[in-house]
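Next up, entry-v6.tsv (TSV, C-alpha atoms):
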chain	number	residue	atom	x	y	z
J	12	MET	CA	36.27	43.03	48.50
J	13	SER	CA	35.63	44.25	45.00
J	14	ARG	CA	39.08	43.06	43.90
J	15	VAL	CA	38.45	39.51	45.11
J	16	LEU	CA	34.77	39.33	44.17
J	17	PRO	CA	34.05	41.75	41.35
J	18	TYR	CA	30.53	40.44	40.83
J	19	PRO	CA	29.24	39.06	44.16
J	20	LEU	CA	25.75	38.36	42.80
J	21	LEU	CA	27.10	36.49	39.78
J	22	THR	CA	29.46	34.46	41.98
J	23	ALA	CA	26.63	33.52	44.34
J	24	ALA	CA	24.35	32.58	41.43
J	25	LEU	CA	27.04	30.40	39.84
J	26	LEU	CA	27.76	28.64	43.13
J	27	LEU	CA	24.05	28.04	43.72
J	28	MET	CA	23.69	26.66	40.19
J	29	TRP	CA	26.67	24.36	40.69
J	30	LEU	CA	25.17	22.97	43.89
J	31	LEU	CA	21.78	22.47	42.22
J	32	LEU	CA	23.29	20.60	39.29
J	33	THR	CA	25.46	18.36	41.44
J	34	SER	CA	24.41	16.83	44.72
J	35	PHE	CA	25.30	18.83	47.80
J	36	SER	CA	28.49	17.84	49.61
J	37	PRO	CA	31.37	19.81	51.18
J	38	GLY	CA	33.64	18.82	48.30
J	39	GLN	CA	31.21	20.15	45.70
J	40	LEU	CA	30.81	23.34	47.74
J	41	ILE	CA	34.55	24.04	47.58
J	42	LEU	CA	34.82	23.06	43.91
J	43	GLY	CA	31.76	25.15	43.05
J	44	ALA	CA	33.13	28.15	44.94
J	45	VAL	CA	36.45	27.92	43.07
J	46	VAL	CA	34.69	27.66	39.70
J	47	ALA	CA	32.28	30.52	40.52
J	48	MET	CA	35.10	32.83	41.64
J	49	GLY	CA	37.21	31.97	38.61
J	50	ALA	CA	34.30	32.57	36.25
J	51	SER	CA	33.40	35.92	37.77
J	52	ARG	CA	37.07	37.02	37.57
J	53	ALA	CA	36.99	36.08	33.87
J	54	MET	CA	33.78	38.07	33.52
J	55	ALA	CA	35.46	41.09	35.11
J	56	SER	CA	38.18	41.07	32.49
J	57	LEU	CA	35.47	41.41	29.83
J	58	GLN	CA	34.42	44.64	31.60
J	59	PRO	CA	30.69	44.49	30.92
J	60	ASP	CA	28.40	47.31	31.95
J	61	LYS	CA	26.84	46.53	35.27
J	62	PRO	CA	23.16	46.05	34.52
J	63	ARG	CA	20.92	47.88	36.93
J	64	LEU	CA	17.33	46.97	37.55
J	65	ARG	CA	15.35	50.07	38.15
J	66	ARG	CA	11.94	48.52	38.66
J	67	TRP	CA	12.17	44.78	39.17
J	68	GLN	CA	8.50	44.61	40.24
J	69	ILE	CA	7.46	44.66	36.57
J	70	ILE	CA	9.48	41.55	35.68
J	71	PRO	CA	6.76	39.00	36.62
J	72	ARG	CA	4.25	40.92	34.48
J	73	LEU	CA	6.63	40.93	31.50
J	74	LEU	CA	7.29	37.22	32.04
J	75	GLY	CA	3.57	36.46	32.05
J	76	ILE	CA	2.87	38.49	28.91
J	77	VAL	CA	5.79	36.86	27.07
J	78	THR	CA	4.81	33.31	28.09
J	79	LEU	CA	1.26	33.78	26.80
J	80	ASP	CA	2.43	35.48	23.58
J	81	ILE	CA	4.87	32.65	22.90
J	82	LEU	CA	2.12	30.09	23.47
J	83	ARG	CA	-0.18	31.92	21.06
J	84	SER	CA	2.43	32.21	18.33
J	85	ASN	CA	3.39	28.56	18.84
J	86	ILE	CA	-0.17	27.64	17.90
J	87	ALA	CA	-0.16	30.09	14.96
J	88	VAL	CA	3.13	28.86	13.50
J	89	ALA	CA	2.22	25.20	14.02
J	90	GLY	CA	-0.97	25.96	12.09
J	91	VAL	CA	0.97	27.58	9.23
J	92	ILE	CA	3.31	24.57	8.95
J	93	LEU	CA	0.52	21.97	9.15
J	94	ARG	CA	-1.47	23.79	6.46
J	95	GLY	CA	1.44	23.10	4.11
J	96	GLY	CA	3.41	26.31	4.29
J	97	GLY	CA	0.43	28.52	3.52
J	98	ARG	CA	0.38	29.66	-0.12
J	99	ASP	CA	-1.35	32.98	0.57
J	100	ARG	CA	0.96	33.86	3.45
J	101	ARG	CA	3.35	36.76	2.94
J	102	PRO	CA	6.62	36.63	4.93
J	103	GLY	CA	8.67	39.79	5.17
J	104	PHE	CA	11.01	42.09	7.04
J	105	VAL	CA	9.91	44.83	9.42
J	106	ALA	CA	12.15	47.70	10.51
J	107	ILE	CA	11.41	48.98	14.00
J	108	PRO	CA	12.96	52.20	15.33
J	109	LEU	CA	13.82	51.41	18.95
J	110	GLU	CA	14.39	53.90	21.72
J	111	LEU	CA	15.73	51.26	24.09
J	112	ARG	CA	19.51	51.68	24.37
J	113	ASP	CA	20.36	49.66	27.49
J	114	ARG	CA	22.40	46.62	26.44
J	115	THR	CA	20.84	44.24	28.95
J	116	GLY	CA	17.39	45.39	27.89
J	117	LEU	CA	18.27	44.78	24.24
J	118	ALA	CA	19.58	41.32	25.12
J	119	VAL	CA	16.31	40.47	26.87
J	120	LEU	CA	14.36	41.81	23.89
J	121	ALA	CA	16.46	39.58	21.62
J	122	CYS	CA	15.57	36.56	23.77
J	123	ILE	CA	11.87	37.46	23.60
J	124	VAL	CA	11.82	38.07	19.83
J	125	THR	CA	13.81	34.92	19.11
J	126	SER	CA	11.86	32.63	21.42
J	127	THR	CA	8.62	33.72	19.81
J	128	PRO	CA	8.00	31.53	16.78
J	129	GLY	CA	7.03	33.70	13.86
J	130	THR	CA	9.42	36.53	14.62
J	131	ALA	CA	13.19	36.40	14.25
J	132	TRP	CA	15.71	39.03	15.25
J	133	VAL	CA	17.83	39.72	12.18
J	134	GLU	CA	19.83	42.87	12.71
J	135	HIS	CA	20.14	45.77	15.12
J	136	ALA	CA	22.00	48.95	14.19
J	137	PRO	CA	23.40	50.45	17.41
J	138	ASP	CA	23.98	53.87	15.79
J	139	THR	CA	20.42	54.44	14.58
J	140	GLY	CA	18.66	52.05	16.94
J	141	VAL	CA	16.75	50.46	14.08
J	142	LEU	CA	15.94	46.81	14.62
J	143	LEU	CA	15.24	44.55	11.67
J	144	ILE	CA	13.06	41.51	12.35
J	145	HIS	CA	11.70	38.88	10.01
J	146	VAL	CA	8.05	37.94	10.38
J	147	LEU	CA	6.65	34.67	9.08
J	148	ASP	CA	3.12	35.90	8.53
J	149	LEU	CA	3.19	39.61	7.79
J	150	VAL	CA	-0.29	41.05	7.60
J	151	ASP	CA	0.17	44.59	8.82
J	152	GLU	CA	3.63	46.09	9.23
J	153	ALA	CA	2.50	48.92	11.53
J	154	GLU	CA	0.85	46.40	13.83
J	155	TRP	CA	4.16	44.60	14.40
J	156	VAL	CA	5.99	47.87	15.05
J	157	SER	CA	3.44	48.88	17.66
J	158	LEU	CA	3.41	45.38	19.17
J	159	ILE	CA	7.16	45.36	19.80
J	160	LYS	CA	7.24	49.00	20.86
J	161	HIS	CA	4.24	49.10	23.16
J	162	ARG	CA	4.11	45.58	24.47
J	163	TYR	CA	7.78	44.85	25.15
J	164	GLU	CA	9.96	47.91	24.67
J	165	ARG	CA	7.97	50.12	27.03
J	166	LEU	CA	8.16	47.57	29.85
J	167	LEU	CA	11.86	46.88	29.23
J	168	MET	CA	12.62	50.60	29.30
J	169	GLU	CA	10.78	50.88	32.60
J	170	ILE	CA	12.81	48.01	34.02
J	171	PHE	CA	16.28	48.87	32.76
J	172	GLU	CA	16.44	52.61	32.02
N	8	MET	CA	10.30	4.28	34.67
N	9	SER	CA	10.42	2.04	37.69
N	10	HIS	CA	8.29	4.35	39.83
N	11	ALA	CA	5.47	4.76	37.32
N	12	GLN	CA	3.03	2.80	39.47
N	13	ASP	CA	3.55	5.22	42.38
N	14	LEU	CA	2.38	8.16	40.27
N	15	PRO	CA	-1.17	9.33	41.05
N	16	GLY	CA	-3.60	9.22	38.14
N	17	TRP	CA	-4.00	12.95	37.58
N	18	ALA	CA	-0.23	13.45	37.55
N	19	ALA	CA	0.28	10.59	35.11
N	20	LEU	CA	-2.35	12.05	32.78
N	21	ALA	CA	-0.92	15.56	32.94
N	22	THR	CA	2.63	14.30	32.43
N	23	ALA	CA	1.64	12.18	29.44
N	24	ALA	CA	-0.36	15.00	27.84
N	25	LEU	CA	2.43	17.55	28.27
N	26	VAL	CA	5.15	15.20	27.00
N	27	LEU	CA	3.03	14.48	23.93
N	28	LEU	CA	2.35	18.18	23.37
N	29	GLY	CA	6.04	19.06	23.64
N	30	ALA	CA	7.09	16.23	21.36
N	31	ALA	CA	4.40	17.13	18.82
N	32	LEU	CA	5.45	20.80	18.74
N	33	THR	CA	9.10	19.84	18.28
N	34	LEU	CA	8.14	17.46	15.47
N	35	ILE	CA	6.05	20.13	13.75
N	36	GLY	CA	9.02	22.47	14.03
N	37	ALA	CA	11.27	19.88	12.40
N	38	ILE	CA	8.74	19.33	9.60
N	39	GLY	CA	8.54	23.09	9.10
N	40	THR	CA	12.32	23.31	8.78
N	41	LEU	CA	12.03	20.86	5.89
N	42	ARG	CA	8.99	22.28	4.17
N	43	LEU	CA	9.14	26.06	4.35
N	44	ARG	CA	10.61	27.72	1.29
N	45	SER	CA	13.24	30.37	2.05
N	46	PHE	CA	15.98	30.53	4.66
N	47	PHE	CA	14.33	33.29	6.64
N	48	GLU	CA	11.06	31.36	6.79
N	49	ARG	CA	12.84	28.22	7.90
N	50	ILE	CA	14.54	29.83	10.90
N	51	HIS	CA	11.09	30.32	12.45
N	52	ALA	CA	10.27	26.62	12.59
N	53	PRO	CA	12.85	25.28	15.09
N	54	THR	CA	11.78	27.91	17.65
N	55	LEU	CA	8.65	25.82	18.19
N	56	GLY	CA	10.92	23.20	19.72
N	57	THR	CA	12.97	25.65	21.75
N	58	SER	CA	9.97	27.51	23.20
N	59	TRP	CA	6.89	25.52	24.15
N	60	GLY	CA	8.30	22.25	22.83
N	61	THR	CA	10.90	22.41	25.56
N	62	GLY	CA	8.54	24.16	27.96
N	63	ALA	CA	5.86	21.47	27.86
N	64	ILE	CA	8.35	18.64	28.36
N	65	LEU	CA	9.95	20.51	31.28
N	66	LEU	CA	6.52	21.13	32.83
N	67	ALA	CA	5.78	17.42	32.52
N	68	SER	CA	9.06	16.63	34.24
N	69	ILE	CA	8.27	19.10	37.04
N	70	ILE	CA	4.80	17.58	37.59
N	71	CYS	CA	6.10	14.01	37.49
N	72	PHE	CA	8.96	14.44	39.94
N	73	SER	CA	7.03	16.76	42.25
N	74	ALA	CA	4.20	14.22	42.47
N	75	LEU	CA	6.69	11.47	43.23
N	76	GLY	CA	8.23	13.77	45.81
N	77	SER	CA	11.73	12.67	44.93
N	78	ARG	CA	13.36	16.05	44.38
N	79	PRO	CA	12.54	19.76	44.07
N	80	ALA	CA	11.99	20.91	40.51
N	81	VAL	CA	14.75	23.43	40.03
N	82	GLN	CA	16.85	21.72	37.39
N	83	GLU	CA	14.02	22.04	34.86
N	84	ILE	CA	13.85	25.79	35.44
N	85	LEU	CA	17.61	26.00	34.87
N	86	ILE	CA	17.28	24.05	31.61
N	87	GLY	CA	14.54	26.41	30.47
N	88	VAL	CA	16.62	29.48	31.30
N	89	PHE	CA	19.70	28.11	29.53
N	90	ILE	CA	17.77	27.23	26.39
N	91	SER	CA	15.98	30.57	26.10
N	92	VAL	CA	19.22	32.48	26.73
N	93	THR	CA	21.38	30.51	24.29
N	94	THR	CA	18.96	30.10	21.37
N	95	PRO	CA	19.23	33.75	20.22
N	96	VAL	CA	23.02	33.41	19.90
N	97	THR	CA	22.84	30.66	17.27
N	98	LEU	CA	19.83	32.15	15.52
N	99	MET	CA	21.35	35.62	15.23
N	100	LEU	CA	24.62	34.15	13.97
N	101	LEU	CA	22.77	32.25	11.24
N	102	ALA	CA	20.51	35.18	10.36
N	103	ARG	CA	23.41	37.62	10.07
N	104	ALA	CA	25.40	35.22	7.91
N	105	ALA	CA	22.37	34.83	5.63
N	106	ILE	CA	21.68	38.56	5.44
N	107	TYR	CA	25.34	39.23	4.61
N	108	ARG	CA	25.22	36.62	1.86
N	109	ASP	CA	21.99	38.00	0.40
N	110	ARG	CA	23.25	41.58	0.44
N	111	THR	CA	26.56	40.77	-1.25
N	112	GLU	CA	24.82	38.69	-3.88
N	113	GLY	CA	22.14	41.37	-4.19
N	114	LYS	CA	19.24	38.95	-4.28
N	115	GLY	CA	16.29	38.08	-2.13
N	116	GLU	CA	14.03	40.67	-0.57
N	117	VAL	CA	16.53	41.67	2.13
N	118	PRO	CA	16.28	45.41	2.86
N	119	PRO	CA	19.50	47.45	2.69
N	120	ARG	CA	21.44	48.25	5.84
N	121	ALA	CA	19.09	50.05	8.19
N	122	ALA	CA	18.53	53.69	7.38
N	123	PRO	CA	16.55	55.60	10.02
N	124	ARG	CA	12.92	55.55	9.16
N	125	ARG	CA	10.10	56.87	11.31
N	126	PRO	CA	6.69	55.52	10.48
N	127	ASP	CA	5.03	57.31	13.37
Take the structure in the file and give it back as structure tokens.
Amino acid sequence: MSRVLPYPLLTAALLLMWLLLTSFSPGQLILGAVVAMGASRAMASLQPDKPRLRRWQIIPRLLGIVTLDILRSNIAVAGVILRGGGRDRRPGFVAIPLELRDRTGLAVLACIVTSTPGTAWVEHAPDTGVLLIHVLDLVDEAEWVSLIKHRYERLLMEIFE
Amino acid sequence: MSHAQDLPGWAALATAALVLLGAALTLIGAIGTLRLRSFFERIHAPTLGTSWGTGAILLASIICFSALGSRPAVQEILIGVFISVTTPVTLMLLARAAIYRDRTEGKGEVPPRAAPRRPD
């Protein structure tokens, strides 16, 4: 079983996606199954760590928090741009020491930080765990560190570690 | 839109408002890409388009096609997932290229390669 289907969940998700993107027919089902199995075999040769969800119940809460935060910073950044770049605004880098080590968790954090206008993921050092982000409107450096650490990292560590 | 007359009023209003909101956010993002000063400021602007710019237009699409009852709204969710998963790849690639350039040239306010620092 594990030789033929190394990632059953991934294969099922790919097949489902294929059927959603095309219209359902027996031909598409077979084609989708072949593509999904081929793709998950290719994935197996990359030998990724199997991500494990420890507490998936928190995911909706994280999703809600992130959606609202992104909406808020959309408004903030749109305001900065419409005010003509903001002469008194001070952009800058913030270094955040992360305790999160799980690779899937870090990938999700990267998606969150990047999708939020006003913060951009610049560099993460895997040896020290220090994450460098760029902030468009830097008022208080410590506030950003505690925002990332307490708002997102804590939840991600609960989910993935 | 050949089915526009079948759309109930509230759905038409919501769809129009959300499409306008998404388009406006994307436009503001594009303007920001032009007007902000440094590279690292400019990479913030397009994320307006990839976050709620896309999100609002997708919501409009979900409302429109759910109200028409023509198909379930799953494709929009897939589009949203794909965009939010793939945007970081391009952005990180660009940011790392820029930070490498700034460090080798020794200019800009780019901090040196992360040394452990504990503010707390």
Counting only C-alpha atoms, a student should be able to say which residues of chain N come within 6 Å of chain J; what is the right answer, written as a compact mmCIF listing (two decimals) with C-alpha atoms, keeping the file's coordinate frame?
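part-v8.txt, written as the output of this step:
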# COMPACT_ATOMS: atom_id res chain seq x y z
CA GLY N 39 8.54 23.09 9.10
CA LEU N 43 9.14 26.06 4.35
CA GLU N 48 11.06 31.36 6.79
CA HIS N 51 11.09 30.32 12.45
CA THR N 54 11.78 27.91 17.65
CA LEU N 55 8.65 25.82 18.19
CA SER N 58 9.97 27.51 23.20
CA PRO N 95 19.23 33.75 20.22
CA ALA N 102 20.51 35.18 10.36
So that I can check the surroundings of Val88 in chain N, please list as a PDB file with C-alpha atoms, in the coordinates of the input every protein, DNA and RNA residue that reaches within 12 Å of it, counting all atoms listed in the file and ignoring chain neighbours fewer than 3 positions away.
ATOM      1  CA  MET J  28      23.690  26.660  40.190  1.00  0.00           C
ATOM      2  CA  VAL J 119      16.310  40.470  26.870  1.00  0.00           C
ATOM      3  CA  CYS J 122      15.570  36.560  23.770  1.00  0.00           C
ATOM      4  CA  SER J 126      11.860  32.630  21.420  1.00  0.00           C
TER       5      SER J 126
ATOM      6  CA  THR N  57      12.970  25.650  21.750  1.00  0.00           C
ATOM      7  CA  SER N  58       9.970  27.510  23.200  1.00  0.00           C
ATOM      8  CA  THR N  61      10.900  22.410  25.560  1.00  0.00           C
ATOM      9  CA  GLY N  62       8.540  24.160  27.960  1.00  0.00           C
ATOM     10  CA  LEU N  65       9.950  20.510  31.280  1.00  0.00           C
ATOM     11  CA  VAL N  81      14.750  23.430  40.030  1.00  0.00           C
ATOM     12  CA  GLN N  82      16.850  21.720  37.390  1.00  0.00           C
ATOM     13  CA  GLU N  83      14.020  22.040  34.860  1.00  0.00           C
ATOM     14  CA  ILE N  84      13.850  25.790  35.440  1.00  0.00           C
ATOM     15  CA  LEU N  85      17.610  26.000  34.870  1.00  0.00           C
ATOM     16  CA  SER N  91      15.980  30.570  26.100  1.00  0.00           C
ATOM     17  CA  VAL N  92      19.220  32.480  26.730  1.00  0.00           C
ATOM     18  CA  THR N  93      21.380  30.510  24.290  1.00  0.00           C
ATOM     19  CA  THR N  94      18.960  30.100  21.370  1.00  0.00           C
TER      20      THR N  94
END
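With distances restricted to only C-alpha atoms, J:Phe171 is the closest residue to Arg114 in chain J from J:Trp67, J:Phe171, J:Tyr163, J:Trp155.
For Leu32 in chain N, the set of protein, DNA and RNA residues having any atom at most 8 Å away, when counting all atoms listed in the file and skipping those fewer than 4 positions along the same chain, is Ala89 of chain J; Leu28, Gly36, Leu55, Gly56, Trp59 and Gly60 of chain N.
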For this session: May I ask for the distance between CA of Ala63 in chain N and CA of Leu25 in chain N, given in Å to one decimal place?
Result: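 For CA of Ala63 in chain N relative to CA of Leu25 in chain N, the distance reads 5.2 Å.
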Problem set entry | d(CA of Ala24 in chain N, CA of Leu75 in chain N) in Å |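 Value for the CA of Ala24 in chain N-CA of Leu75 in chain N distance: 17.3 Å.
Between CA of Ile170 in chain J and CA of Phe89 in chain N the separation is 21.5 Å.
For range 55-57 of chain J, the list of residues within 10 Å, based on only C-alpha atoms and with local chain neighbours fewer than 6 positions off taken out, reads J:Arg14, J:Leu16, J:Pro17, J:Tyr18, J:Gly49.
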Mind dumping the selected residues with C-alpha atoms as a PDB file, in the coordinates of the input?
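Output below, filename selection-v5.pdb:
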ATOM      1  CA  ARG J  14      39.080  43.060  43.900  1.00  0.00           C
ATOM      2  CA  LEU J  16      34.770  39.330  44.170  1.00  0.00           C
ATOM      3  CA  PRO J  17      34.050  41.750  41.350  1.00  0.00           C
ATOM      4  CA  TYR J  18      30.530  40.440  40.830  1.00  0.00           C
ATOM      5  CA  GLY J  49      37.210  31.970  38.610  1.00  0.00           C
TER       6      GLY J  49
END
For this session: Show which residues sit within 10 Å of Leu27 in chain J, as a ChimeraX atom specification. Count all atoms listed in the file, and ignore same-chain residues fewer than 3 positions away.
Result: /J:21-24,30-32,40,43-44,47
Would you output that residue set with C-alpha atoms, as a tab-separated table (two decimals), in the coordinates of the input?
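Result file part.tsv:
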chain	number	residue	atom	x	y	z
J	21	LEU	CA	27.10	36.49	39.78
J	22	THR	CA	29.46	34.46	41.98
J	23	ALA	CA	26.63	33.52	44.34
J	24	ALA	CA	24.35	32.58	41.43
J	30	LEU	CA	25.17	22.97	43.89
J	31	LEU	CA	21.78	22.47	42.22
J	32	LEU	CA	23.29	20.60	39.29
J	40	LEU	CA	30.81	23.34	47.74
J	43	GLY	CA	31.76	25.15	43.05
J	44	ALA	CA	33.13	28.15	44.94
J	47	ALA	CA	32.28	30.52	40.52
Problem set entry | Distance query Arg162 in chain J at most 10 Å, all atoms listed in the file, self and fewer than 4 positions along chain excluded, as a ChimeraX atom specification | /J:73,76-77,156-158,166-167
Selected residues written out with C-alpha atoms, as a PDB file, in the frame of the given file:
ATOM      1  CA  LEU J  73       6.630  40.930  31.500  1.00  0.00           C
ATOM      2  CA  ILE J  76       2.870  38.490  28.910  1.00  0.00           C
ATOM      3  CA  VAL J  77       5.790  36.860  27.070  1.00  0.00           C
ATOM      4  CA  VAL J 156       5.990  47.870  15.050  1.00  0.00           C
ATOM      5  CA  SER J 157       3.440  48.880  17.660  1.00  0.00           C
ATOM      6  CA  LEU J 158       3.410  45.380  19.170  1.00  0.00           C
ATOM      7  CA  LEU J 166       8.160  47.570  29.850  1.00  0.00           C
ATOM      8  CA  LEU J 167      11.860  46.880  29.230  1.00  0.00           C
TER       9      LEU J 167
END
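Compared by their closest atoms to Asp113 in chain J, and using all atoms listed in the file, the residues J:Leu20, J:Val45, J:Leu64, J:Met54 rank with J:Leu64 nearest.
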Seminar exercise, completed: Shortest contact to Gly116 in chain J, candidates J:Gln68, J:Leu74, J:Pro62, J:Leu149, atoms counted only C-alpha atoms, goes to J:Pro62
